[in-house]
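Shown next: start.txt, given as compact mmCIF, C-alpha atoms.
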# COMPACT_ATOMS: atom_id res chain seq x y z
CA MET A 6 3.91 -17.92 128.11
CA ARG A 7 2.01 -20.94 126.92
CA ALA A 8 -1.20 -18.91 126.77
CA ARG A 9 0.46 -16.27 124.64
CA LYS A 10 1.79 -18.90 122.24
CA SER A 11 -1.59 -20.53 121.94
CA SER A 12 -3.24 -17.15 121.21
CA SER A 13 -0.66 -16.37 118.50
CA ASP A 14 -1.25 -19.79 116.95
CA GLU A 15 -4.98 -19.16 116.91
CA GLU A 16 -4.46 -15.78 115.18
CA LEU A 17 -2.35 -17.43 112.50
CA ASN A 18 -5.02 -20.07 111.99
CA HIS A 19 -7.78 -17.45 111.69
CA THR A 20 -5.88 -15.24 109.19
CA THR A 21 -7.44 -15.33 105.72
CA ILE A 22 -5.12 -16.26 102.89
CA PHE A 23 -6.04 -14.49 99.63
CA PRO A 24 -5.44 -16.45 96.42
CA PRO A 25 -2.91 -14.99 94.00
CA GLN A 26 -4.56 -12.61 91.53
CA THR A 27 -4.43 -13.54 87.91
CA ARG A 28 -2.33 -11.26 85.81
CA ARG A 29 -4.35 -9.03 83.54
CA LYS A 30 -3.88 -9.37 79.82
CA GLY A 31 -1.82 -6.64 78.27
CA ILE A 32 -3.79 -3.62 77.22
CA GLY A 33 -4.03 -3.15 73.49
CA ILE A 34 -3.03 -6.72 72.58
CA ARG A 35 -4.95 -7.95 69.56
CA LYS A 36 -4.79 -10.95 67.31
CA TRP A 37 -3.21 -9.99 63.98
CA LEU A 38 -2.77 -12.14 60.91
CA VAL A 39 0.83 -11.63 59.76
CA LEU A 40 1.46 -12.43 56.11
CA SER A 41 5.08 -12.37 54.96
CA GLU A 42 6.29 -11.63 51.45
CA SER A 43 6.94 -15.33 50.91
CA GLY A 44 3.21 -16.07 51.26
CA GLN A 45 3.43 -17.65 54.72
CA SER A 46 0.83 -16.48 57.26
CA HIS A 47 0.33 -17.01 60.98
CA LEU A 48 -1.76 -15.53 63.79
CA GLU A 49 0.11 -13.50 66.36
CA ASP A 50 -0.92 -11.59 69.48
CA ILE A 51 0.75 -8.20 69.13
CA GLY A 52 0.47 -5.32 71.53
CA LYS A 53 0.01 -1.70 70.60
CA HIS A 54 3.59 -0.71 71.34
CA SER A 55 4.96 -3.74 69.50
CA ILE A 56 3.02 -2.94 66.36
CA MET A 57 4.16 0.67 66.59
CA LYS A 58 7.77 -0.49 66.83
CA ARG A 59 7.50 -2.95 63.94
CA THR A 60 5.67 -0.59 61.58
CA GLY A 61 6.94 2.82 62.72
CA LEU A 62 3.36 4.15 63.02
CA PRO A 63 2.28 6.63 65.70
CA ALA A 64 -0.63 5.88 68.01
CA ARG A 65 -3.00 8.24 66.21
CA ASP A 66 -2.63 6.25 62.99
CA LEU A 67 -3.48 3.02 64.79
CA ARG A 68 -6.77 4.55 65.99
CA VAL A 69 -7.95 4.48 62.39
CA LEU A 70 -7.97 0.66 62.59
CA ASP A 71 -9.82 0.53 65.92
CA PRO A 72 -13.02 -1.52 65.32
CA ILE A 73 -14.75 0.15 68.27
CA ILE A 74 -14.31 3.68 66.96
CA SER A 75 -15.90 4.44 63.59
CA TYR A 76 -13.44 6.22 61.30
CA PRO A 77 -14.01 7.15 57.65
CA PHE A 78 -12.35 5.15 54.91
CA SER A 79 -8.70 6.09 54.53
CA ILE A 80 -5.53 5.05 52.70
CA PHE A 81 -2.31 6.82 53.62
CA GLY A 82 1.38 6.09 53.62
CA ARG A 83 3.99 6.69 56.26
CA GLU A 84 7.76 6.26 56.41
CA ARG A 85 7.68 2.49 56.85
CA ALA A 86 4.07 1.41 56.41
CA ILE A 87 0.78 1.93 54.58
CA VAL A 88 -2.44 2.05 56.61
CA ILE A 89 -5.63 0.84 54.91
CA ASN A 90 -9.16 1.15 56.27
CA LEU A 91 -11.57 0.16 53.49
CA GLU A 92 -14.88 -1.58 54.04
CA HIS A 93 -14.13 -4.78 55.99
CA ILE A 94 -10.35 -4.51 55.45
CA LYS A 95 -8.23 -3.08 58.26
CA ALA A 96 -4.59 -3.72 57.46
CA ILE A 97 -1.06 -2.38 57.80
CA ILE A 98 1.33 -2.99 54.92
CA THR A 99 5.10 -2.82 55.27
CA ALA A 100 7.85 -3.63 52.78
CA THR A 101 8.00 -7.25 53.97
CA GLU A 102 4.80 -8.01 55.90
CA VAL A 103 1.06 -7.39 56.01
CA PHE A 104 -0.82 -7.14 59.30
CA VAL A 105 -4.56 -7.86 59.04
CA LEU A 106 -7.18 -7.40 61.76
CA ASN A 107 -10.30 -9.56 62.14
CA SER A 108 -8.83 -12.29 59.96
CA LYS A 109 -11.52 -14.78 61.08
CA ASP A 110 -14.31 -12.57 59.80
CA PRO A 111 -16.13 -14.37 56.93
CA ALA A 112 -15.84 -11.21 54.83
CA VAL A 113 -12.04 -11.01 55.40
CA VAL A 114 -11.23 -14.68 54.71
CA PRO A 115 -11.56 -14.36 50.89
CA PHE A 116 -9.32 -11.29 50.99
CA VAL A 117 -6.61 -13.18 52.90
CA GLN A 118 -6.76 -16.11 50.47
CA ASP A 119 -6.58 -13.77 47.48
CA LEU A 120 -3.61 -11.96 49.00
CA GLN A 121 -1.75 -15.22 49.64
CA ASN A 122 -2.40 -16.40 46.08
CA ARG A 123 -1.18 -13.11 44.64
CA VAL A 124 2.01 -13.14 46.68
CA MET A 125 2.84 -16.77 45.97
CA CYS A 126 2.14 -16.46 42.23
CA SER A 127 4.26 -13.34 41.96
CA ASN A 128 7.06 -15.04 43.89
CA VAL A 129 7.02 -17.96 41.46
CA ALA A 130 7.11 -15.55 38.52
CA ALA A 131 9.95 -13.57 40.10
CA GLN A 132 11.93 -16.75 40.78
CA ARG A 133 11.53 -17.86 37.17
CA ALA A 134 12.58 -14.43 35.93
CA THR A 135 15.62 -14.47 38.22
CA GLU A 136 16.68 -17.92 37.01
CA GLY A 137 16.30 -16.82 33.39
CA PHE A 138 18.37 -13.71 34.04
CA ASP A 139 21.09 -15.78 35.73
CA ASN A 140 21.24 -18.07 32.71
CA ASP A 141 21.56 -15.08 30.38
CA MET A 142 24.34 -13.64 32.53
CA GLU A 143 26.23 -16.94 32.46
CA VAL A 144 25.97 -17.07 28.68
CA THR A 145 27.25 -13.50 28.31
CA GLU A 146 30.15 -14.20 30.70
CA LYS A 147 31.18 -17.24 28.68
CA GLU A 148 31.03 -15.29 25.45
CA SER A 149 33.06 -12.46 26.96
CA GLN A 150 35.73 -14.87 28.18
CA GLU A 151 36.02 -16.45 24.76
CA SER A 152 36.23 -13.14 22.82
CA PRO A 153 39.66 -11.39 23.06
CA SER A 154 38.23 -7.99 22.14
CA PHE A 155 36.29 -7.91 25.37
CA HIS A 156 39.46 -8.24 27.48
CA ALA A 157 41.17 -5.56 25.40
CA HIS A 158 38.44 -3.05 26.05
CA HIS A 159 37.23 -4.00 29.52
CA GLY A 160 40.19 -5.72 31.09
CA SER A 161 41.25 -2.68 33.07
CA GLU A 162 37.75 -1.88 34.32
CA LYS A 163 36.70 -3.25 37.69
CA PRO A 164 33.32 -3.01 39.34
CA ALA A 165 32.92 -0.77 42.29
CA ASN A 166 33.91 -2.21 45.63
CA LEU A 167 30.63 -2.94 47.44
CA ASP A 168 30.10 -5.20 50.40
CA ILE A 169 27.05 -7.25 49.50
CA SER A 170 26.74 -8.53 53.04
CA GLN A 171 25.79 -5.04 54.17
CA LEU A 172 22.73 -4.98 51.90
CA PRO A 173 19.64 -6.10 53.86
CA HIS A 174 17.86 -8.98 52.21
CA LEU A 175 14.26 -7.94 52.11
CA SER A 176 13.07 -11.53 52.05
CA LYS A 177 14.15 -14.67 53.84
CA ASP A 178 14.01 -16.86 50.77
CA ASN A 179 14.73 -16.52 47.06
CA SER A 180 11.38 -14.92 46.25
CA MET A 181 10.95 -11.11 46.39
CA PRO A 182 12.83 -8.81 46.18
CA LYS A 183 16.28 -10.19 47.10
CA MET A 184 19.20 -8.07 45.97
CA LYS A 185 21.47 -8.92 43.05
CA MET A 186 24.46 -7.04 41.76
CA LYS A 187 24.31 -5.56 38.30
CA GLY A 188 27.67 -3.95 37.69
CA SER A 189 28.05 -1.48 40.54
CA SER A 190 24.32 -1.05 41.35
CA PRO A 191 21.98 -3.36 43.27
CA MET A 192 19.34 -5.16 41.28
CA THR A 193 16.04 -6.35 42.65
CA ALA A 194 13.70 -8.95 41.28
CA VAL A 195 11.62 -6.12 39.90
CA ASP A 196 14.54 -5.10 37.70
CA VAL A 197 15.06 -8.70 36.66
CA ALA A 198 11.41 -8.95 35.66
CA GLY A 199 11.71 -5.69 33.78
CA ALA A 200 14.72 -7.07 31.94
CA GLU A 201 12.66 -10.09 30.96
CA GLY A 202 9.92 -7.80 29.60
CA THR A 203 7.37 -8.33 32.41
CA MET A 204 6.03 -5.85 34.94
CA MET A 205 6.44 -6.88 38.58
CA LEU A 206 4.94 -4.75 41.33
CA PRO A 207 6.66 -4.38 44.73
CA PHE A 208 5.28 -6.30 47.67
CA GLU A 209 3.44 -3.34 49.18
CA PHE A 210 1.68 -2.57 45.89
CA ARG A 211 0.61 -6.17 45.46
CA ALA A 212 -0.91 -6.08 48.94
CA LEU A 213 -2.51 -2.70 48.20
CA GLU A 214 -3.94 -4.08 44.96
CA ALA A 215 -5.45 -7.03 46.85
CA CYS A 216 -7.08 -4.64 49.33
CA LEU A 217 -8.54 -2.46 46.59
CA GLU A 218 -9.69 -5.52 44.65
CA SER A 219 -11.47 -6.94 47.70
CA ALA A 220 -13.16 -3.61 48.48
CA CYS A 221 -14.29 -3.15 44.87
CA ARG A 222 -15.53 -6.74 44.72
CA CYS A 223 -17.57 -6.24 47.90
CA LEU A 224 -19.12 -2.99 46.65
CA ASP A 225 -19.82 -4.50 43.24
CA TYR A 226 -21.54 -7.50 44.82
CA ASP A 227 -23.73 -5.31 47.03
CA THR A 228 -24.61 -3.13 44.04
CA SER A 229 -25.56 -6.06 41.80
CA THR A 230 -27.63 -7.63 44.60
CA LEU A 231 -29.45 -4.35 45.15
CA GLU A 232 -30.14 -3.98 41.42
CA GLN A 233 -31.58 -7.50 41.21
CA GLU A 234 -33.99 -6.68 44.03
CA ALA A 235 -34.75 -3.08 43.11
CA TYR A 236 -35.83 -3.20 39.47
CA PRO A 237 -38.55 -5.91 39.89
CA ALA A 238 -39.89 -4.20 43.01
CA LEU A 239 -40.06 -0.82 41.25
CA ASP A 240 -41.81 -2.35 38.23
CA GLU A 241 -44.32 -4.04 40.54
CA LEU A 242 -44.97 -0.74 42.26
CA THR A 243 -45.86 0.96 38.98
CA SER A 244 -48.43 -1.75 38.19
CA LYS A 245 -49.92 -2.18 41.66
CA ILE A 246 -49.58 0.29 44.52
CA SER A 247 -49.87 -1.39 47.89
CA THR A 248 -48.50 -0.99 51.39
CA LEU A 249 -46.20 -4.01 50.99
CA THR A 250 -44.60 -2.78 47.77
CA LEU A 251 -44.19 0.72 49.19
CA GLU A 252 -42.39 -0.72 52.24
CA ARG A 253 -40.07 -2.77 49.99
CA VAL A 254 -39.22 0.30 47.92
CA ARG A 255 -38.55 2.29 51.07
CA GLN A 256 -36.04 -0.32 52.29
CA ILE A 257 -34.40 -0.48 48.86
CA LYS A 258 -34.01 3.29 48.82
CA SER A 259 -32.39 3.32 52.26
CA ARG A 260 -29.93 0.59 51.15
CA LEU A 261 -29.22 2.56 48.00
CA VAL A 262 -28.32 5.65 50.01
CA ALA A 263 -26.03 3.61 52.30
CA ILE A 264 -24.17 1.86 49.45
CA SER A 265 -23.83 5.11 47.50
CA GLY A 266 -22.23 6.73 50.53
CA ARG A 267 -19.72 3.87 50.89
CA VAL A 268 -18.79 3.97 47.21
CA GLN A 269 -18.48 7.75 47.27
CA LYS A 270 -16.10 7.59 50.25
CA VAL A 271 -13.82 5.09 48.49
CA ARG A 272 -13.89 7.19 45.33
CA ASP A 273 -13.02 10.37 47.24
CA GLU A 274 -10.11 8.64 48.97
CA LEU A 275 -8.67 7.36 45.67
CA GLU A 276 -9.15 10.77 44.09
CA HIS A 277 -7.33 12.39 47.01
CA LEU A 278 -4.39 10.03 46.55
CA LEU A 279 -4.24 10.63 42.80
CA ASP A 280 -4.24 14.39 43.31
CA ASP A 281 -1.34 14.34 45.80
CA ASP A 282 1.99 13.11 44.42
CA ASN A 283 3.68 13.30 47.82
CA ASP A 284 1.22 10.83 49.35
CA MET A 285 1.81 8.40 46.51
CA ALA A 286 5.58 8.81 46.85
CA GLU A 287 5.32 7.87 50.55
CA MET A 288 3.93 4.47 49.58
CA TYR A 289 7.11 3.30 47.83
CA LEU A 290 8.33 1.38 50.87
CA THR A 291 10.67 -1.04 49.07
CA GLU A 292 12.48 1.71 47.21
CA LYS A 293 12.88 3.73 50.39
CA LEU A 294 14.27 0.69 52.19
CA VAL A 295 16.75 -0.01 49.40
CA SER A 296 17.79 3.63 49.17
CA GLN A 297 18.39 3.77 52.92
CA SER A 298 20.63 0.70 52.76
CA LEU A 299 22.57 2.18 49.85
CA ASP A 300 22.97 5.47 51.71
CA GLN A 301 24.42 3.62 54.69
CA ILE A 302 26.91 1.79 52.46
CA SER A 303 27.93 4.94 50.61
CA LEU A 304 28.38 6.87 53.85
CA SER A 305 30.54 4.12 55.34
CA GLY A 306 32.73 4.01 52.19
CA GLU A 307 33.24 7.76 51.81
CA LEU A 308 34.89 8.67 55.11
CA ASP A 309 37.84 10.62 53.70
CA ASN A 310 39.10 14.17 53.59
CA ASP A 311 36.91 15.18 50.65
CA SER A 312 33.79 14.92 52.80
CA ILE A 313 34.71 18.08 54.68
CA ASN A 314 35.00 20.09 51.46
CA LEU A 315 31.70 18.73 50.19
CA HIS A 316 30.06 19.67 53.46
CA ASP A 317 31.34 23.24 53.15
CA GLU A 318 30.14 23.48 49.57
CA ARG A 319 26.67 22.26 50.55
CA GLU A 320 26.48 24.87 53.31
CA GLU A 321 27.36 27.61 50.84
CA GLU A 322 24.72 26.36 48.39
CA THR A 323 22.05 26.35 51.06
CA LYS A 324 22.96 29.92 52.03
CA THR A 325 22.82 31.15 48.44
CA ASP A 326 19.50 29.40 47.79
CA GLY A 327 17.87 31.28 50.66
CA GLY A 328 17.90 28.54 53.24
CA GLU A 329 15.99 25.99 51.19
CA SER A 330 15.92 22.47 52.60
CA LEU A 331 17.62 19.60 50.83
CA THR A 332 15.26 17.89 48.47
CA THR A 333 14.93 14.16 48.51
CA ILE A 334 14.79 12.12 45.36
CA LYS A 335 11.19 11.13 44.74
CA PRO A 336 10.45 7.81 43.06
CA ASN A 337 8.58 7.57 39.82
CA ILE A 338 4.93 7.43 40.84
CA GLU A 339 3.62 6.42 37.42
CA GLU A 340 3.46 2.78 38.48
CA LEU A 341 1.26 3.47 41.51
CA GLU A 342 -0.75 6.08 39.65
CA MET A 343 -1.74 3.56 36.97
CA LEU A 344 -2.73 1.08 39.67
CA LEU A 345 -4.92 3.58 41.50
CA GLU A 346 -6.47 4.91 38.30
CA ALA A 347 -7.61 1.40 37.31
CA TYR A 348 -9.54 0.97 40.54
CA PHE A 349 -10.73 4.57 40.46
CA ILE A 350 -12.36 3.86 37.09
CA GLN A 351 -13.92 0.68 38.51
CA ILE A 352 -15.31 2.54 41.54
CA ASP A 353 -16.54 5.31 39.28
CA GLY A 354 -18.40 2.72 37.17
CA ILE A 355 -20.08 1.30 40.29
CA LEU A 356 -21.07 4.81 41.30
CA ASN A 357 -22.57 5.40 37.85
CA GLU A 358 -24.65 2.23 38.17
CA LEU A 359 -25.93 3.41 41.54
CA SER A 360 -26.73 6.84 40.11
CA MET A 361 -28.72 5.18 37.30
CA LEU A 362 -30.61 3.13 39.87
CA ARG A 363 -31.27 6.29 41.87
CA GLU A 364 -32.65 7.99 38.77
CA TYR A 365 -34.91 4.99 38.14
CA VAL A 366 -36.16 5.19 41.72
CA ASP A 367 -36.83 8.91 41.36
CA ASP A 368 -38.69 8.34 38.08
CA THR A 369 -40.78 5.62 39.70
CA GLU A 370 -41.59 7.93 42.61
CA ASP A 371 -42.67 10.65 40.18
CA TYR A 372 -44.85 8.18 38.29
CA VAL A 373 -46.44 6.93 41.51
CA ASN A 374 -47.10 10.49 42.64
CA ILE A 375 -48.75 11.25 39.30
CA MET A 376 -50.94 8.16 39.67
CA LEU A 377 -51.88 9.14 43.21
CA ASP A 378 -52.69 12.69 42.10
CA ASP A 379 -54.91 11.32 39.34
CA LYS A 380 -56.76 9.12 41.84
CA GLN A 381 -57.16 12.10 44.13
CA ASN A 382 -58.59 14.18 41.28
CA GLN A 383 -61.07 11.42 40.47
CA LEU A 384 -62.17 11.33 44.09
CA LEU A 385 -62.61 15.09 44.10
CA GLN A 386 -64.72 14.90 40.95
CA MET A 387 -66.87 12.21 42.50
CA GLY A 388 -67.29 14.40 45.55
CA VAL A 389 -68.44 17.29 43.37
CA VAL A 390 -70.99 15.06 41.60
CA LEU A 391 -72.34 13.69 44.87
CA THR A 392 -72.57 17.15 46.36
CA THR A 393 -74.51 18.37 43.30
CA ALA A 394 -76.86 15.40 43.49
CA ASN A 395 -77.41 16.04 47.20
CA LEU A 396 -78.24 19.67 46.47
CA VAL A 397 -80.78 18.82 43.79
CA ILE A 398 -82.40 16.13 45.91
CA ASN A 399 -82.73 18.64 48.74
CA ALA A 400 -84.52 20.96 46.30
CA GLY A 401 -87.03 18.18 45.56
CA ILE A 402 -87.46 17.55 49.26
CA VAL A 403 -88.33 21.24 49.67
CA VAL A 404 -91.12 20.87 47.10
CA VAL A 405 -92.45 17.77 48.87
CA GLY A 406 -92.37 19.63 52.16
CA LEU A 407 -94.39 22.46 50.73
CA PHE A 408 -97.08 20.04 49.61
CA GLY A 409 -97.06 18.35 52.96
CA MET A 410 -98.22 21.45 54.86
CA ASN A 411 -101.65 21.29 56.50
CA ILE A 412 -103.13 23.95 54.21
CA HIS A 413 -106.29 23.32 52.21
CA ILE A 414 -105.89 24.14 48.48
CA SER A 415 -107.90 23.16 45.46
CA LEU A 416 -105.24 20.73 44.28
CA PHE A 417 -106.00 18.41 47.22
CA ASP A 418 -109.56 17.99 45.93
CA GLY A 419 -108.43 16.77 42.48
CA VAL A 420 -108.35 13.29 41.05
CA PRO A 421 -105.36 10.90 41.69
CA GLY A 422 -103.96 11.70 38.27
CA GLN A 423 -103.14 15.18 39.40
CA PHE A 424 -101.15 13.75 42.35
CA TRP A 425 -99.04 11.52 40.12
CA GLY A 426 -98.45 14.33 37.66
CA THR A 427 -97.22 16.63 40.40
CA ALA A 428 -94.93 13.96 41.89
CA LEU A 429 -93.44 12.90 38.54
CA GLY A 430 -93.01 16.53 37.48
CA THR A 431 -91.08 17.27 40.66
CA MET A 432 -88.78 14.26 40.14
CA GLY A 433 -88.22 15.17 36.47
CA GLY A 434 -87.34 18.71 37.42
CA VAL A 435 -84.80 17.47 39.97
CA VAL A 436 -83.13 15.24 37.38
CA ALA A 437 -83.06 18.03 34.82
CA ILE A 438 -81.49 20.43 37.28
CA PHE A 439 -78.83 17.79 38.13
CA TYR A 440 -77.85 17.32 34.47
CA ILE A 441 -77.79 21.05 33.92
CA ALA A 442 -75.42 21.47 36.89
CA VAL A 443 -73.10 18.68 35.69
CA GLY A 444 -73.02 20.08 32.16
CA TRP A 445 -72.20 23.55 33.45
CA SER A 446 -69.33 22.08 35.57
CA LYS A 447 -67.85 20.32 32.53
CA THR A 448 -67.99 23.47 30.41
CA LYS A 449 -66.17 25.36 33.15
CA GLY A 450 -63.52 22.61 33.49
CA LEU A 451 -64.50 21.60 37.00
CA LEU A 452 -65.28 18.04 35.91
CA ALA A 453 -63.46 15.91 33.34

For this file, produce the structure as structure tokens.
Amino acid sequence: MRARKSSSDEELNHTTIFPPQTRRKGIGIRKWLVLSESGQSHLEDIGKHSIMKRTGLPARDLRVLDPIISYPFSIFGRERAIVINLEHIKAIITATEVFVLNSKDPAVVPFVQDLQNRVMCSNVAAQRATEGFDNDMEVTEKESQESPSFHAHHGSEKPANLDISQLPHLSKDNSMPKMKMKGSSPMTAVDVAGAEGTMMLPFEFRALEACLESACRCLDYDTSTLEQEAYPALDELTSKISTLTLERVRQIKSRLVAISGRVQKVRDELEHLLDDDNDMAEMYLTEKLVSQSLDQISLSGELDNDSINLHDEREEETKTDGGESLTTIKPNIEELEMLLEAYFIQIDGILNELSMLREYVDDTEDYVNIMLDDKQNQLLQMGVVLTTANLVINAGIVVVGLFGMNIHISLFDGVPGQFWGTALGTMGGVVAIFYIAVGWSKTKGLLA
């Protein structure tokens, strides 16, 4: 028994104890910069399913923002969010927040700062407009209380019974766009700003404008940098053709093609949005959120017997209309259309500058080809002249060879003057034949 116990103790001592495995990091967790509508930002590790739950986006829309997979530039709206993939900007915009990827990228940092400044400045303007509107309302209330005619006409009227606590406050502070009551309808800070005579964009449009502004600024900077390098290099190429200048022009042309493709993609995406009113209507996130809250309040306050009759009437209308679906009220897209058209014109101007640079490059290439063709023609002419000279000299060599034969003739018995006359006559004949050949080539247009 003791031996068995000792053997069991030895087995326990020899058993290997594996260390506890570290838990793997959640798949799809990325570091997002979350910017709220109050201008506050913080970094947050958010998983794929969490971002889908917070934004209401499907998985296929999140693949557009995947930095590993290359997707074309795109801007599209969904029920609760706007997805933006432009240049270095990969962001998701909701009615209250903006989620930005790669926030530590040096190209993205200026965009984040610009977005924060825009949001905070607009919040200050909205707060001032709200305070001014409150002061005006207090003044009108005091005047109405003092005037007896107001009580005579409006004493029996009462505002509609709405529970303000049921309205979701879209912001946590007094910035944008907290709800106010104007009679029986809710009033946002946008309406307050409109009452003050100023135009205030919703939060999602301010974020969208910052994204478009950053993309346009990046493309404009690349275009201006390329122009500053291209025009001097092209001018140098026209004055002096060398291997170094040709290599510089080749690199400039490849950069020009790449930048033109990027600008054209952004322009096509903006043009696609401007042509489709439904896509622009999907981007009104704040209005959809407010309308949903109002629908919930109206449905909770209208639970009476008349709802059954209204339901029957709606069924009869749908049957008579041929089974058409109920149409939803679309917001006025003029506000977003003006915003997109402004940046469409800016992108179109950048594309025109690139097209002008492309035309200048093509003109320079044509000029260089003409110069090279002229040099080639000069070389061909020189070859014709040298070939003619070679032919004439060979004719003189034939004459010399004839006189060099070992045949006795009377000319060999002459004085030295006859030798020099024969030699000089042969050389003069060769030169005369050469000039005759060159003159004939010029008359025929073979030589310039």

Mind checking which residues fall within 12 Å of A:Glu339, counting all atoms listed in the file, ignoring those fewer than 4 positions away in the same chain, and posting them as a compact mmCIF listing (two decimals) with C-alpha atoms, in the coordinates of the input?
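Saved to out_28.txt:
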# COMPACT_ATOMS: atom_id res chain seq x y z
CA LEU A 206 4.94 -4.75 41.33
CA LEU A 279 -4.24 10.63 42.80
CA ASP A 282 1.99 13.11 44.42
CA MET A 285 1.81 8.40 46.51
CA ALA A 286 5.58 8.81 46.85
CA TYR A 289 7.11 3.30 47.83
CA LYS A 335 11.19 11.13 44.74
CA MET A 343 -1.74 3.56 36.97
CA LEU A 344 -2.73 1.08 39.67
CA LEU A 345 -4.92 3.58 41.50
CA GLU A 346 -6.47 4.91 38.30

Near stretch 222-238 of chain A, counting all atoms listed in the file, which residues have an atom at most 10 Å away, once you skip same-chain residues fewer than 3 positions from it, shown as a short mmCIF file (atom, residue, chain, number, x, y, z; two decimals) with C-alpha atoms, in the coordinates of the input?
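Printed below is out.cif as written:
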data_model
loop_
_atom_site.label_atom_id
_atom_site.label_comp_id
_atom_site.auth_asym_id
_atom_site.auth_seq_id
_atom_site.Cartn_x
_atom_site.Cartn_y
_atom_site.Cartn_z
CA GLU A 92 -14.88 -1.58 54.04
CA HIS A 93 -14.13 -4.78 55.99
CA ALA A 112 -15.84 -11.21 54.83
CA PHE A 116 -9.32 -11.29 50.99
CA CYS A 216 -7.08 -4.64 49.33
CA LEU A 217 -8.54 -2.46 46.59
CA GLU A 218 -9.69 -5.52 44.65
CA SER A 219 -11.47 -6.94 47.70
CA GLU A 241 -44.32 -4.04 40.54
CA LEU A 242 -44.97 -0.74 42.26
CA THR A 243 -45.86 0.96 38.98
CA THR A 250 -44.60 -2.78 47.77
CA LEU A 251 -44.19 0.72 49.19
CA ARG A 253 -40.07 -2.77 49.99
CA VAL A 254 -39.22 0.30 47.92
CA GLN A 256 -36.04 -0.32 52.29
CA ILE A 257 -34.40 -0.48 48.86
CA LYS A 258 -34.01 3.29 48.82
CA ARG A 260 -29.93 0.59 51.15
CA LEU A 261 -29.22 2.56 48.00
CA ILE A 264 -24.17 1.86 49.45
CA SER A 265 -23.83 5.11 47.50
CA ARG A 267 -19.72 3.87 50.89
CA VAL A 268 -18.79 3.97 47.21
CA VAL A 271 -13.82 5.09 48.49
CA GLN A 351 -13.92 0.68 38.51
CA ILE A 352 -15.31 2.54 41.54
CA GLY A 354 -18.40 2.72 37.17
CA ILE A 355 -20.08 1.30 40.29
CA LEU A 356 -21.07 4.81 41.30
CA GLU A 358 -24.65 2.23 38.17
CA LEU A 359 -25.93 3.41 41.54
CA LEU A 362 -30.61 3.13 39.87
CA TYR A 365 -34.91 4.99 38.14
CA VAL A 366 -36.16 5.19 41.72
#

Checklist entry - How far is it from atom CA of A:Ser108 to atom CA of A:Pro207, in Å with one decimal? => result 23.1 Å

Next on the checklist: Under the rule that all atoms listed in the file are counted, which of A:Arg123, A:Leu249, A:Cys221, A:Ala347 is the nearest residue to A:Met205?
Outcome noted: A:Arg123

Checklist entry - A:Glu49, A:Asn90, A:Glu287, A:Met410: which is nearest A:Arg68, counting only C-alpha atoms? => result A:Asn90

Next on the checklist: Please report the interatomic distance between atom CA of A:Ile402 and atom CA of A:Ala428 in Å with one decimal.
Outcome noted: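 Atom CA of A:Ala428 lies at a distance of 11.1 Å from atom CA of A:Ile402.
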
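Among the candidates A:Leu120, A:Ala453, A:Leu70, A:Leu299, the residue lying nearest to A:Asp379 is A:Ala453 (atoms considered: all atoms listed in the file).
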
Item to check | Pairwise distance for atom CA of A:Ser55 and atom CA of A:Ser79, rounded to one decimal in Å | outcome: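 Distance reported for this atom pair: 22.5 Å.
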
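Taking only C-alpha atoms into account, A:Val389 lies nearest to A:Lys447 out of the set A:Lys447, A:Lys270, A:Lys95, A:His413.
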
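When all atoms listed in the file are used to measure the gap to A:Ser127, the shortest distance among A:His47, A:Arg211, A:Arg83, A:His54 belongs to A:Arg211.
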
Checklist entry - With distances taken over only C-alpha atoms, which of A:Asn337, A:Thr369, A:Gln269, A:Ser298 is nearest to A:Leu239? => result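 Closest to A:Leu239 of all the choices is A:Thr369.
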
Next on the checklist: List the spatial neighbours of A:Glu84 as a PyMOL selection string - criterion: any atom at most 12 Å away, only C-alpha atoms, same-chain residues fewer than 5 positions off excluded.
Outcome noted: chain A and resi 59-63+98-100+283-294+297

Checklist entry - Near A:Ile56, counting all atoms listed in the file, which residues have an atom at most 12 Å away, once you skip same-chain residues fewer than 5 positions from it, shown as a VMD selection string? => result chain A and resid 33 to 37 39 49 to 51 61 to 64 66 to 67 85 to 86 96 to 99 102 to 105

For stretch 102-107 of chain A, supply N, CA and C atoms and format the output as a PDB file, keeping the file's coordinate frame.
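The new file rebuild.pdb reads:
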ATOM      1  N   GLU A 102       5.878  -7.320  55.204  1.00  0.00           N
ATOM      2  CA  GLU A 102       4.800  -8.010  55.900  1.00  0.00           C
ATOM      3  C   GLU A 102       3.495  -7.244  55.723  1.00  0.00           C
ATOM      4  N   VAL A 103       2.395  -7.973  55.984  1.00  0.00           N
ATOM      5  CA  VAL A 103       1.060  -7.390  56.010  1.00  0.00           C
ATOM      6  C   VAL A 103       0.392  -7.823  57.302  1.00  0.00           C
ATOM      7  N   PHE A 104      -0.125  -6.870  58.054  1.00  0.00           N
ATOM      8  CA  PHE A 104      -0.820  -7.140  59.300  1.00  0.00           C
ATOM      9  C   PHE A 104      -2.313  -6.891  59.068  1.00  0.00           C
ATOM     10  N   VAL A 105      -3.129  -7.928  59.313  1.00  0.00           N
ATOM     11  CA  VAL A 105      -4.560  -7.860  59.040  1.00  0.00           C
ATOM     12  C   VAL A 105      -5.320  -8.106  60.330  1.00  0.00           C
ATOM     13  N   LEU A 106      -6.290  -7.226  60.618  1.00  0.00           N
ATOM     14  CA  LEU A 106      -7.180  -7.400  61.760  1.00  0.00           C
ATOM     15  C   LEU A 106      -8.412  -8.186  61.345  1.00  0.00           C
ATOM     16  N   ASN A 107      -9.047  -8.834  62.350  1.00  0.00           N
ATOM     17  CA  ASN A 107     -10.300  -9.560  62.140  1.00  0.00           C
ATOM     18  C   ASN A 107     -10.158 -10.575  60.992  1.00  0.00           C
TER      19      ASN A 107
END
